[in-house]
Structure formats: C-alpha cells, structure tokens
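Source file: entry-v7.pdb. Holds: PDB, C-alpha atoms and all ligand atoms.
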ATOM      1  CA  MET A   1      -9.049 -10.103  13.937  1.00  0.00           C
ATOM      2  CA  PHE A   2      -6.899 -11.276  11.116  1.00  0.00           C
ATOM      3  CA  THR A   3      -6.272 -14.914  10.541  1.00  0.00           C
ATOM      4  CA  ARG A   4      -2.777 -16.348  10.756  1.00  0.00           C
ATOM      5  CA  ARG A   5      -3.033 -17.132   7.056  1.00  0.00           C
ATOM      6  CA  ALA A   6      -3.879 -13.545   6.191  1.00  0.00           C
ATOM      7  CA  LEU A   7      -0.986 -12.246   8.271  1.00  0.00           C
ATOM      8  CA  LEU A   8       1.450 -14.595   6.586  1.00  0.00           C
ATOM      9  CA  ALA A   9       0.121 -13.530   3.228  1.00  0.00           C
ATOM     10  CA  GLY A  10       0.600  -9.957   4.353  1.00  0.00           C
ATOM     11  CA  ALA A  11       4.215 -10.677   5.172  1.00  0.00           C
ATOM     12  CA  ALA A  12       4.665 -12.040   1.670  1.00  0.00           C
ATOM     13  CA  ALA A  13       3.538  -8.705   0.281  1.00  0.00           C
ATOM     14  CA  GLY A  14       5.776  -6.724   2.551  1.00  0.00           C
ATOM     15  CA  ILE A  15       3.496  -6.174   5.478  1.00  0.00           C
ATOM     16  CA  ALA A  16       4.312  -6.604   9.148  1.00  0.00           C
ATOM     17  CA  ALA A  17       3.375 -10.056  10.395  1.00  0.00           C
ATOM     18  CA  SER A  18       3.041  -9.151  14.052  1.00  0.00           C
ATOM     19  CA  GLY A  19       0.172  -7.323  15.654  1.00  0.00           C
ATOM     20  CA  LEU A  20      -2.202  -5.615  13.302  1.00  0.00           C
ATOM     21  CA  ALA A  21      -0.917  -5.701   9.776  1.00  0.00           C
ATOM     22  CA  ARG A  22       0.480  -2.336   8.776  1.00  0.00           C
ATOM     23  CA  PRO A  23       1.426  -1.976   5.130  1.00  0.00           C
ATOM     24  CA  HIS A  24       3.606   1.044   5.807  1.00  0.00           C
ATOM     25  CA  ILE A  25       6.047  -1.358   7.430  1.00  0.00           C
ATOM     26  CA  ALA A  26       7.136  -2.989   4.216  1.00  0.00           C
ATOM     27  CA  ARG A  27       9.859  -5.610   4.141  1.00  0.00           C
ATOM     28  CA  ALA A  28       9.563  -7.965   1.206  1.00  0.00           C
ATOM     29  CA  ALA A  29      10.846  -7.609  -2.335  1.00  0.00           C
ATOM     30  CA  ALA A  30       9.428  -8.629  -5.713  1.00  0.00           C
ATOM     31  CA  PRO A  31       7.573 -10.656  -6.768  1.00  0.00           C
ATOM     32  CA  PHE A  32       4.902  -9.124  -4.617  1.00  0.00           C
ATOM     33  CA  ARG A  33       1.921 -11.270  -3.703  1.00  0.00           C
ATOM     34  CA  GLN A  34      -1.499  -9.820  -3.055  1.00  0.00           C
ATOM     35  CA  PRO A  35      -2.452 -10.629   0.554  1.00  0.00           C
ATOM     36  CA  ASP A  36      -5.535 -12.717   1.118  1.00  0.00           C
ATOM     37  CA  LEU A  37      -8.754 -10.814   1.703  1.00  0.00           C
ATOM     38  CA  PRO A  38      -9.057 -10.741   5.523  1.00  0.00           C
ATOM     39  CA  PHE A  39     -12.769 -11.647   5.426  1.00  0.00           C
ATOM     40  CA  ALA A  40     -15.285 -13.382   3.164  1.00  0.00           C
ATOM     41  CA  GLU A  41     -16.346 -11.567  -0.002  1.00  0.00           C
ATOM     42  CA  ASP A  42     -19.888 -11.111   1.303  1.00  0.00           C
ATOM     43  CA  ALA A  43     -18.812  -9.910   4.751  1.00  0.00           C
ATOM     44  CA  LEU A  44     -19.165  -6.190   4.044  1.00  0.00           C
ATOM     45  CA  ALA A  45     -22.659  -6.410   2.536  1.00  0.00           C
ATOM     46  CA  PRO A  46     -24.885  -4.530   2.245  1.00  0.00           C
ATOM     47  CA  THR A  47     -22.503  -1.562   2.605  1.00  0.00           C
ATOM     48  CA  ILE A  48     -20.237  -3.059  -0.048  1.00  0.00           C
ATOM     49  CA  SER A  49     -21.759  -5.948  -1.971  1.00  0.00           C
ATOM     50  CA  SER A  50     -20.162  -9.325  -2.511  1.00  0.00           C
ATOM     51  CA  GLN A  51     -20.016  -8.603  -6.254  1.00  0.00           C
ATOM     52  CA  THR A  52     -18.144  -5.346  -5.709  1.00  0.00           C
ATOM     53  CA  VAL A  53     -15.657  -6.979  -3.336  1.00  0.00           C
ATOM     54  CA  ASN A  54     -15.202  -9.868  -5.761  1.00  0.00           C
ATOM     55  CA  LEU A  55     -14.336  -7.562  -8.644  1.00  0.00           C
ATOM     56  CA  HIS A  56     -12.504  -4.952  -6.604  1.00  0.00           C
ATOM     57  CA  TYR A  57     -10.231  -7.402  -4.795  1.00  0.00           C
ATOM     58  CA  GLY A  58     -10.131 -10.185  -7.360  1.00  0.00           C
ATOM     59  CA  LYS A  59      -9.743  -8.126 -10.538  1.00  0.00           C
ATOM     60  CA  HIS A  60      -8.733  -4.517  -9.850  1.00  0.00           C
ATOM     61  CA  HIS A  61      -6.444  -5.018  -6.853  1.00  0.00           C
ATOM     62  CA  ALA A  62      -4.992  -8.219  -8.295  1.00  0.00           C
ATOM     63  CA  ALA A  63      -4.183  -6.442 -11.542  1.00  0.00           C
ATOM     64  CA  TYR A  64      -2.156  -3.758  -9.767  1.00  0.00           C
ATOM     65  CA  PHE A  65       0.040  -6.473  -8.259  1.00  0.00           C
ATOM     66  CA  LYS A  66       0.444  -8.284 -11.574  1.00  0.00           C
ATOM     67  CA  THR A  67       1.288  -5.116 -13.473  1.00  0.00           C
ATOM     68  CA  LEU A  68       3.704  -3.993 -10.777  1.00  0.00           C
ATOM     69  CA  ASN A  69       5.532  -7.313 -10.893  1.00  0.00           C
ATOM     70  CA  ASP A  70       5.748  -7.069 -14.676  1.00  0.00           C
ATOM     71  CA  LEU A  71       7.063  -3.507 -14.514  1.00  0.00           C
ATOM     72  CA  VAL A  72       9.736  -3.863 -11.817  1.00  0.00           C
ATOM     73  CA  GLY A  73      11.477  -6.903 -13.314  1.00  0.00           C
ATOM     74  CA  GLY A  74      15.070  -5.963 -14.119  1.00  0.00           C
ATOM     75  CA  THR A  75      14.847  -2.570 -12.417  1.00  0.00           C
ATOM     76  CA  PRO A  76      16.306  -1.424  -9.072  1.00  0.00           C
ATOM     77  CA  TYR A  77      12.759  -1.484  -7.715  1.00  0.00           C
ATOM     78  CA  GLU A  78      12.812  -5.282  -7.888  1.00  0.00           C
ATOM     79  CA  ALA A  79      14.856  -5.500  -4.680  1.00  0.00           C
ATOM     80  CA  MET A  80      12.817  -2.963  -2.757  1.00  0.00           C
ATOM     81  CA  ALA A  81       9.924  -3.359  -0.362  1.00  0.00           C
ATOM     82  CA  LEU A  82       6.522  -2.332  -1.687  1.00  0.00           C
ATOM     83  CA  GLY A  83       6.234   0.712   0.556  1.00  0.00           C
ATOM     84  CA  ASP A  84       9.714   1.852  -0.419  1.00  0.00           C
ATOM     85  CA  ILE A  85       8.811   1.604  -4.108  1.00  0.00           C
ATOM     86  CA  VAL A  86       5.791   3.810  -3.497  1.00  0.00           C
ATOM     87  CA  LYS A  87       7.905   6.470  -1.797  1.00  0.00           C
ATOM     88  CA  ALA A  88      10.867   6.232  -4.184  1.00  0.00           C
ATOM     89  CA  SER A  89       8.784   6.451  -7.358  1.00  0.00           C
ATOM     90  CA  ALA A  90       6.394   9.142  -6.114  1.00  0.00           C
ATOM     91  CA  GLU A  91       8.429  12.095  -7.330  1.00  0.00           C
ATOM     92  CA  LYS A  92       9.865  10.525 -10.498  1.00  0.00           C
ATOM     93  CA  ASP A  93       7.878  11.370 -13.617  1.00  0.00           C
ATOM     94  CA  ALA A  94       9.686   8.696 -15.641  1.00  0.00           C
ATOM     95  CA  ASP A  95       8.481   6.018 -13.208  1.00  0.00           C
ATOM     96  CA  ARG A  96       4.868   7.143 -13.122  1.00  0.00           C
ATOM     97  CA  LYS A  97       3.522   3.776 -14.256  1.00  0.00           C
ATOM     98  CA  ILE A  98       5.406   1.965 -11.499  1.00  0.00           C
ATOM     99  CA  PHE A  99       4.199   4.509  -8.967  1.00  0.00           C
ATOM    100  CA  ASN A 100       0.582   4.184 -10.067  1.00  0.00           C
ATOM    101  CA  ASN A 101       0.585   0.405  -9.702  1.00  0.00           C
ATOM    102  CA  ALA A 102       2.712   0.233  -6.533  1.00  0.00           C
ATOM    103  CA  GLY A 103       0.572   2.957  -5.001  1.00  0.00           C
ATOM    104  CA  GLN A 104      -2.634   1.167  -5.824  1.00  0.00           C
ATOM    105  CA  ALA A 105      -1.259  -2.202  -4.638  1.00  0.00           C
ATOM    106  CA  TRP A 106      -0.322  -0.579  -1.316  1.00  0.00           C
ATOM    107  CA  ASN A 107      -3.477   1.530  -0.985  1.00  0.00           C
ATOM    108  CA  HIS A 108      -5.776  -1.454  -1.386  1.00  0.00           C
ATOM    109  CA  VAL A 109      -3.949  -3.599   1.187  1.00  0.00           C
ATOM    110  CA  PHE A 110      -4.414  -0.668   3.547  1.00  0.00           C
ATOM    111  CA  TYR A 111      -8.066  -0.432   2.494  1.00  0.00           C
ATOM    112  CA  TRP A 112      -9.098  -4.051   3.076  1.00  0.00           C
ATOM    113  CA  GLU A 113      -7.390  -4.176   6.459  1.00  0.00           C
ATOM    114  CA  GLN A 114      -9.432  -1.359   7.963  1.00  0.00           C
ATOM    115  CA  PHE A 115     -12.873  -2.924   7.675  1.00  0.00           C
ATOM    116  CA  LYS A 116     -14.687  -4.963  10.274  1.00  0.00           C
ATOM    117  CA  PRO A 117     -17.351  -7.361   9.077  1.00  0.00           C
ATOM    118  CA  GLY A 118     -20.502  -7.230  11.130  1.00  0.00           C
ATOM    119  CA  GLY A 119     -20.469  -3.599  12.034  1.00  0.00           C
ATOM    120  CA  ALA A 120     -18.436  -0.686  13.219  1.00  0.00           C
ATOM    121  CA  LYS A 121     -17.236   0.254  16.623  1.00  0.00           C
ATOM    122  CA  ALA A 122     -16.895   3.933  17.469  1.00  0.00           C
ATOM    123  CA  PRO A 123     -13.393   5.387  17.884  1.00  0.00           C
ATOM    124  CA  ALA A 124     -12.267   5.802  21.475  1.00  0.00           C
ATOM    125  CA  GLY A 125      -9.289   6.829  23.574  1.00  0.00           C
ATOM    126  CA  ASP A 126      -6.451   8.805  21.988  1.00  0.00           C
ATOM    127  CA  LEU A 127      -7.982   8.527  18.516  1.00  0.00           C
ATOM    128  CA  LEU A 128     -11.288  10.026  19.596  1.00  0.00           C
ATOM    129  CA  ALA A 129      -9.474  12.742  21.559  1.00  0.00           C
ATOM    130  CA  ALA A 130      -7.465  13.675  18.459  1.00  0.00           C
ATOM    131  CA  VAL A 131     -10.583  13.650  16.273  1.00  0.00           C
ATOM    132  CA  ASP A 132     -12.299  15.963  18.780  1.00  0.00           C
ATOM    133  CA  LYS A 133      -9.301  18.280  19.054  1.00  0.00           C
ATOM    134  CA  ASP A 134      -8.221  18.534  15.421  1.00  0.00           C
ATOM    135  CA  LEU A 135     -11.375  17.773  13.439  1.00  0.00           C
ATOM    136  CA  GLY A 136     -14.265  19.049  15.537  1.00  0.00           C
ATOM    137  CA  GLY A 137     -15.593  15.663  16.624  1.00  0.00           C
ATOM    138  CA  LEU A 138     -16.617  12.399  14.993  1.00  0.00           C
ATOM    139  CA  ASP A 139     -19.742  13.641  13.214  1.00  0.00           C
ATOM    140  CA  LYS A 140     -17.934  16.632  11.717  1.00  0.00           C
ATOM    141  CA  MET A 141     -15.005  14.449  10.731  1.00  0.00           C
ATOM    142  CA  LYS A 142     -17.334  12.102   8.858  1.00  0.00           C
ATOM    143  CA  THR A 143     -19.148  14.984   7.143  1.00  0.00           C
ATOM    144  CA  ASP A 144     -15.880  16.589   6.119  1.00  0.00           C
ATOM    145  CA  LEU A 145     -14.408  13.301   4.891  1.00  0.00           C
ATOM    146  CA  VAL A 146     -17.480  12.766   2.715  1.00  0.00           C
ATOM    147  CA  ALA A 147     -16.892  16.282   1.369  1.00  0.00           C
ATOM    148  CA  ALA A 148     -13.207  15.550   0.768  1.00  0.00           C
ATOM    149  CA  ALA A 149     -14.236  12.434  -1.169  1.00  0.00           C
ATOM    150  CA  GLY A 150     -16.628  14.524  -3.225  1.00  0.00           C
ATOM    151  CA  GLY A 151     -13.827  16.970  -3.947  1.00  0.00           C
ATOM    152  CA  VAL A 152     -11.682  14.345  -5.654  1.00  0.00           C
ATOM    153  CA  PHE A 153     -12.166  14.954  -9.388  1.00  0.00           C
ATOM    154  CA  GLY A 154     -12.333  11.582 -11.117  1.00  0.00           C
ATOM    155  CA  SER A 155     -10.566   8.610  -9.537  1.00  0.00           C
ATOM    156  CA  GLY A 156      -8.754   8.826  -6.237  1.00  0.00           C
ATOM    157  CA  TRP A 157      -8.911   8.421  -2.490  1.00  0.00           C
ATOM    158  CA  ALA A 158     -10.105  10.311   0.588  1.00  0.00           C
ATOM    159  CA  TRP A 159      -7.954  10.047   3.703  1.00  0.00           C
ATOM    160  CA  LEU A 160      -7.804  10.636   7.418  1.00  0.00           C
ATOM    161  CA  VAL A 161      -4.168  11.534   7.989  1.00  0.00           C
ATOM    162  CA  SER A 162      -1.833  11.982  10.923  1.00  0.00           C
ATOM    163  CA  ASP A 163       1.095  14.296  10.424  1.00  0.00           C
ATOM    164  CA  LYS A 164       3.212  13.897  13.554  1.00  0.00           C
ATOM    165  CA  GLY A 165       0.071  13.349  15.607  1.00  0.00           C
ATOM    166  CA  LYS A 166      -2.000  16.163  14.121  1.00  0.00           C
ATOM    167  CA  LEU A 167      -5.017  14.854  12.227  1.00  0.00           C
ATOM    168  CA  SER A 168      -6.276  16.196   8.922  1.00  0.00           C
ATOM    169  CA  LEU A 169      -8.398  15.130   5.956  1.00  0.00           C
ATOM    170  CA  GLU A 170      -7.425  15.166   2.306  1.00  0.00           C
ATOM    171  CA  GLY A 171      -8.219  13.793  -1.121  1.00  0.00           C
ATOM    172  CA  THR A 172      -5.617  12.463  -3.543  1.00  0.00           C
ATOM    173  CA  PRO A 173      -5.895  11.614  -7.258  1.00  0.00           C
ATOM    174  CA  GLY A 174      -5.244   8.245  -8.896  1.00  0.00           C
ATOM    175  CA  GLY A 175      -2.985   5.938  -6.885  1.00  0.00           C
ATOM    176  CA  ASP A 176      -1.434   8.699  -4.812  1.00  0.00           C
ATOM    177  CA  SER A 177      -1.605   8.747  -1.003  1.00  0.00           C
ATOM    178  CA  PRO A 178      -0.336  10.681   2.008  1.00  0.00           C
ATOM    179  CA  PHE A 179       1.940   7.693   2.670  1.00  0.00           C
ATOM    180  CA  ALA A 180       3.776   8.288  -0.600  1.00  0.00           C
ATOM    181  CA  HIS A 181       4.782  11.706   0.699  1.00  0.00           C
ATOM    182  CA  GLY A 182       5.867  10.832   4.212  1.00  0.00           C
ATOM    183  CA  ARG A 183       2.687  11.348   6.165  1.00  0.00           C
ATOM    184  CA  THR A 184       0.729   8.673   8.038  1.00  0.00           C
ATOM    185  CA  PRO A 185      -2.680   7.731   6.660  1.00  0.00           C
ATOM    186  CA  LEU A 186      -5.039   6.324   9.282  1.00  0.00           C
ATOM    187  CA  LEU A 187      -8.041   5.583   7.076  1.00  0.00           C
ATOM    188  CA  GLY A 188      -8.382   5.536   3.298  1.00  0.00           C
ATOM    189  CA  VAL A 189     -11.638   5.465   1.354  1.00  0.00           C
ATOM    190  CA  ASP A 190     -11.357   4.409  -2.272  1.00  0.00           C
ATOM    191  CA  VAL A 191     -13.462   6.699  -4.460  1.00  0.00           C
ATOM    192  CA  TRP A 192     -12.598   5.182  -7.812  1.00  0.00           C
ATOM    193  CA  GLU A 193     -15.939   4.293  -9.390  1.00  0.00           C
ATOM    194  CA  HIS A 194     -15.038   0.580  -9.272  1.00  0.00           C
ATOM    195  CA  ALA A 195     -15.307   0.837  -5.463  1.00  0.00           C
ATOM    196  CA  TYR A 196     -18.973   1.827  -5.427  1.00  0.00           C
ATOM    197  CA  TYR A 197     -20.640   2.099  -8.823  1.00  0.00           C
ATOM    198  CA  LEU A 198     -22.343  -1.313  -8.846  1.00  0.00           C
ATOM    199  CA  ASP A 199     -23.890  -0.604  -5.445  1.00  0.00           C
ATOM    200  CA  TYR A 200     -24.407   3.166  -5.415  1.00  0.00           C
ATOM    201  CA  GLN A 201     -24.087   4.209  -9.092  1.00  0.00           C
ATOM    202  CA  ASN A 202     -23.176   7.928  -9.053  1.00  0.00           C
ATOM    203  CA  ARG A 203     -23.913   8.423  -5.338  1.00  0.00           C
ATOM    204  CA  ARG A 204     -20.344   8.613  -4.086  1.00  0.00           C
ATOM    205  CA  ALA A 205     -21.292  10.543  -0.952  1.00  0.00           C
ATOM    206  CA  ASP A 206     -23.839   7.902   0.082  1.00  0.00           C
ATOM    207  CA  HIS A 207     -21.209   5.214  -0.325  1.00  0.00           C
ATOM    208  CA  VAL A 208     -18.559   7.027   1.710  1.00  0.00           C
ATOM    209  CA  LYS A 209     -21.041   7.846   4.472  1.00  0.00           C
ATOM    210  CA  ALA A 210     -22.191   4.226   4.655  1.00  0.00           C
ATOM    211  CA  VAL A 211     -18.590   3.008   4.832  1.00  0.00           C
ATOM    212  CA  LEU A 212     -17.784   5.410   7.667  1.00  0.00           C
ATOM    213  CA  ASP A 213     -20.979   4.596   9.562  1.00  0.00           C
ATOM    214  CA  THR A 214     -20.992   0.811   9.275  1.00  0.00           C
ATOM    215  CA  ILE A 215     -17.794  -1.071   8.459  1.00  0.00           C
ATOM    216  CA  VAL A 216     -14.703   0.831   9.625  1.00  0.00           C
ATOM    217  CA  ASN A 217     -12.703  -1.022  12.261  1.00  0.00           C
ATOM    218  CA  TRP A 218     -11.693   1.936  14.397  1.00  0.00           C
ATOM    219  CA  ASP A 219      -9.310  -0.289  16.369  1.00  0.00           C
ATOM    220  CA  VAL A 220      -7.177  -0.622  13.234  1.00  0.00           C
ATOM    221  CA  VAL A 221      -7.341   3.139  12.686  1.00  0.00           C
ATOM    222  CA  ALA A 222      -6.233   3.738  16.288  1.00  0.00           C
ATOM    223  CA  GLU A 223      -3.396   1.238  15.897  1.00  0.00           C
ATOM    224  CA  ARG A 224      -2.167   3.083  12.797  1.00  0.00           C
ATOM    225  CA  MET A 225      -2.047   6.312  14.784  1.00  0.00           C
ATOM    226  CA  LYS A 226       0.556   4.737  17.081  1.00  0.00           C
ATOM    227  CA  GLY A 227       2.827   4.428  14.025  1.00  0.00           C
TER     228      GLY A 227
HETATM  229 MN    MN B   1      -9.914   0.415  -5.875  1.00  0.00          MN
END
Encoded form (structure tokens):
Amino acid sequence: MFTRRALLAGAAAGIAASGLARPHIARAAAPFRQPDLPFAEDALAPTISSQTVNLHYGKHHAAYFKTLNDLVGGTPYEAMALGDIVKASAEKDADRKIFNNAGQAWNHVFYWEQFKPGGAKAPAGDLLAAVDKDLGGLDKMKTDLVAAAGGVFGSGWAWLVSDKGKLSLEGTPGGDSPFAHGRTPLLGVDVWEHAYYLDYQNRRADHVKAVLDTIVNWDVVAERMKG
C-alpha cells in the first residue's frame, strides 16, 4: 500500500489523497510537485533495475514536471489541475509543448502507482471477468498488450483501457494517453526506450512481458476500473 507521505505528495500534484491514488482525479494547481516514488528505487528489480528507476523517476519524470511548471507560468493553465491541463491541451496544436509535458507528468504518476514490489497478484473479480469477456482471457490480454507495445513506432505507451466498462488495448505516441481523450486507462506501460533500454536494450517485448508477469499490482488496476 501507499505510505501516508506518498499520498500527501500525490495530493500536492493533483492526485486524490483518499483510497488508492488516482491521478485522473486531479485537484491541485501549479506549481505541480512530482509525487514521491511509492517504493524504493530497487524494489522493482530485476524486472526494472534500480538504475532504470533512478533515471526514469529522478531525471525523466522530474524533468516533465519542471518543464511543465516553466511553461504554464502566466498562462490560464497555471490555475488548472494537472489532469485538466492534459485534457484541455490535447487538441490544441499551439499548446503541444504543454500537452507533451503535462501528459508525461500525468502518465508517469499513473505508471509508478500501478506496480507492486515483491511480485504480482493475478487479477480477480470484476476485472478478471471483464478481461475474459472483452479480451479473451488474461494470457491473451498479455500477449496482445505486448503486441500493442510493439506496434508503437518510436516513443509512446501501451494501455489497457476501459471505455464505459468495455475493455480494450491500444498504443499511443509520445505523451498521449486514452485519459487525454476521455477514456479510462487501467494500466499503462511506458515503451519509451528510457523505460527499458538499460535493462533490455532493444527487447521491448521482453520488457513488457516481464512487467505484466511480475510487478503489476492488479488491485490498483481493478480500483481504476471502478472510476
Ligand atoms: Mn518514461
């Protein structure tokens, strides 16, 4: 579970402070603060090494927050919650830089929250029923999500998505997400090379499979499905 400190940090970044943190419930305004990592840097090893987490959280994710804060100063976005910035800037070509950084700030909060150090637990209950019904079962869902990740050309994300309760899989480029366009992501796998290259080099599929098999906290995924 998340520590009190992590939840408070989440609130500072516009994330619900009760129950499981859900970044789609965004409340705060700028300056946005990157939430604390909800586990130790070496907690996801060997699936994701300590070095990768250190750089990914401490450099890449941190930089999205810093750049976003620099960009929104003096704009109407300054008074908005992080999630609202993502949605409001998603369709505006002139605000592409803000969207890219807000999207990546949001996506990575979502990303860190969904992992469970020490191993995965299989999905159950309504989540498993929906995976069986809409995606042909857990094994097929994993295989197809690995394929969706492989289908992202260059940098982007692979997602398990709920659209009004119906599950689907998709890949998005750059800092985009289903959330930016009004759908509900349940699980997001970062397939930018910074997420896996130190540990897996070019073997993106091996990385995504290992993530799905070993560190996803399916309780968080199930909680996201409740909305
Ligand atoms: Mn990343």
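Minimum distance to His181 (chain A) across A:Ala63, A:Leu212, A:Val86, A:Ala158 (counting all atoms listed in the file) occurs at A:Val86.
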If the PyMOL selection byres (((not hetatm)) within 10 of (chain B and resi 1)) were run on this exact file, what residues would it hold? Put them as JSON, numbers by chain. {"A": [53, 55, 56, 57, 59, 60, 61, 64, 104, 105, 107, 108, 111, 155, 156, 157, 174, 175, 189, 190, 191, 192, 193, 194, 195, 196]}
Just so the selection is clear, what residues does the PyMOL selection byres (((chain A and resi 137-141) around 10) and not hetatm) cover here, as an NGL selection string? :A and (122-123 or 128-136 or 142-147 or 160 or 168-169 or 212-213)
Can I get the selected residues back with C-alpha atoms, as a short mmCIF file (atom, residue, chain, number, x, y, z; two decimals), in the frame of the given file?
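Listing of selection_28.cif after writing:
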data_model
loop_
_atom_site.label_atom_id
_atom_site.label_comp_id
_atom_site.auth_asym_id
_atom_site.auth_seq_id
_atom_site.Cartn_x
_atom_site.Cartn_y
_atom_site.Cartn_z
CA ALA A 122 -16.90 3.93 17.47
CA PRO A 123 -13.39 5.39 17.88
CA LEU A 128 -11.29 10.03 19.60
CA ALA A 129 -9.47 12.74 21.56
CA ALA A 130 -7.46 13.68 18.46
CA VAL A 131 -10.58 13.65 16.27
CA ASP A 132 -12.30 15.96 18.78
CA LYS A 133 -9.30 18.28 19.05
CA ASP A 134 -8.22 18.53 15.42
CA LEU A 135 -11.38 17.77 13.44
CA GLY A 136 -14.26 19.05 15.54
CA LYS A 142 -17.33 12.10 8.86
CA THR A 143 -19.15 14.98 7.14
CA ASP A 144 -15.88 16.59 6.12
CA LEU A 145 -14.41 13.30 4.89
CA VAL A 146 -17.48 12.77 2.72
CA ALA A 147 -16.89 16.28 1.37
CA LEU A 160 -7.80 10.64 7.42
CA SER A 168 -6.28 16.20 8.92
CA LEU A 169 -8.40 15.13 5.96
CA LEU A 212 -17.78 5.41 7.67
CA ASP A 213 -20.98 4.60 9.56
#
So how many Å separate CA of Asn202 (chain A) and CA of Leu167 (chain A), to one decimal?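 For CA of Asn202 (chain A) relative to CA of Leu167 (chain A), the distance reads 28.8 Å.
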With a distance cut-off of 12 Å and all atoms listed in the file, select the neighbouring residues of Glu223 (chain A), excluding the residue or stretch itself and same-chain residues fewer than 2 positions from it, and output the selection as number ranges by chain. A: 19-22, 113-114, 123-127, 162, 184-187, 217-221, 225-227
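In this structure, CA of Val152 (chain A) sits 27.4 Å away from CA of Leu71 (chain A).
Among the candidate residues A:Arg96, A:Val216, A:Ala30, A:Trp159, the one lying nearest to Thr75 (chain A) is A:Ala30, with distances computed using only C-alpha atoms.
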Selected residue, from A:Ala205, A:Leu68, A:Ala43, A:Ala29, that lies nearest to Met80 (chain A) when counting all atoms listed in the file: A:Ala29
Counting only C-alpha atoms, which of A:Arg224, A:Leu198, A:Glu91, A:Lys209 gets nearest to Ser50 (chain A)? A:Leu198
Between CA of Gln201 (chain A) and CA of Ile215 (chain A) - distance in Å to one decimal: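 Distance reported for this atom pair: 19.4 Å.
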Shell of 10 Å around Asp42 (chain A), only C-alpha atoms, local chain residues under 6 positions omitted, as an MDAnalysis selection string: chainID A and resid 48:54 117
Extract, using all atoms listed in the file, all DNA, RNA and protein residues at most 12 Å from Ile98 (chain A), discarding same-chain residues fewer than 4 positions from it, and format them as a PyMOL selection string. chain A and resi 64-73+75-78+82+84-94+102-106+175-176
Just-selected residues, C-alpha atoms written as a compact mmCIF listing (two decimals), in the coordinates of the input:
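Wrote again-v8.txt, looks like this:
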# COMPACT_ATOMS: atom_id res chain seq x y z
CA TYR A 64 -2.16 -3.76 -9.77
CA PHE A 65 0.04 -6.47 -8.26
CA LYS A 66 0.44 -8.28 -11.57
CA THR A 67 1.29 -5.12 -13.47
CA LEU A 68 3.70 -3.99 -10.78
CA ASN A 69 5.53 -7.31 -10.89
CA ASP A 70 5.75 -7.07 -14.68
CA LEU A 71 7.06 -3.51 -14.51
CA VAL A 72 9.74 -3.86 -11.82
CA GLY A 73 11.48 -6.90 -13.31
CA THR A 75 14.85 -2.57 -12.42
CA PRO A 76 16.31 -1.42 -9.07
CA TYR A 77 12.76 -1.48 -7.72
CA GLU A 78 12.81 -5.28 -7.89
CA LEU A 82 6.52 -2.33 -1.69
CA ASP A 84 9.71 1.85 -0.42
CA ILE A 85 8.81 1.60 -4.11
CA VAL A 86 5.79 3.81 -3.50
CA LYS A 87 7.90 6.47 -1.80
CA ALA A 88 10.87 6.23 -4.18
CA SER A 89 8.78 6.45 -7.36
CA ALA A 90 6.39 9.14 -6.11
CA GLU A 91 8.43 12.10 -7.33
CA LYS A 92 9.86 10.52 -10.50
CA ASP A 93 7.88 11.37 -13.62
CA ALA A 94 9.69 8.70 -15.64
CA ALA A 102 2.71 0.23 -6.53
CA GLY A 103 0.57 2.96 -5.00
CA GLN A 104 -2.63 1.17 -5.82
CA ALA A 105 -1.26 -2.20 -4.64
CA TRP A 106 -0.32 -0.58 -1.32
CA GLY A 175 -2.98 5.94 -6.88
CA ASP A 176 -1.43 8.70 -4.81
Where's the centre, and what are the edge lengths in Å to one decimal, of a box along x, y and z enclosing all listed atoms of region 96-109 of chain A padded 3 Å per side, as JSON?
{"center_x": -0.2, "center_y": 1.8, "center_z": -6.5, "size_x": 17.2, "size_y": 16.7, "size_z": 21.4}
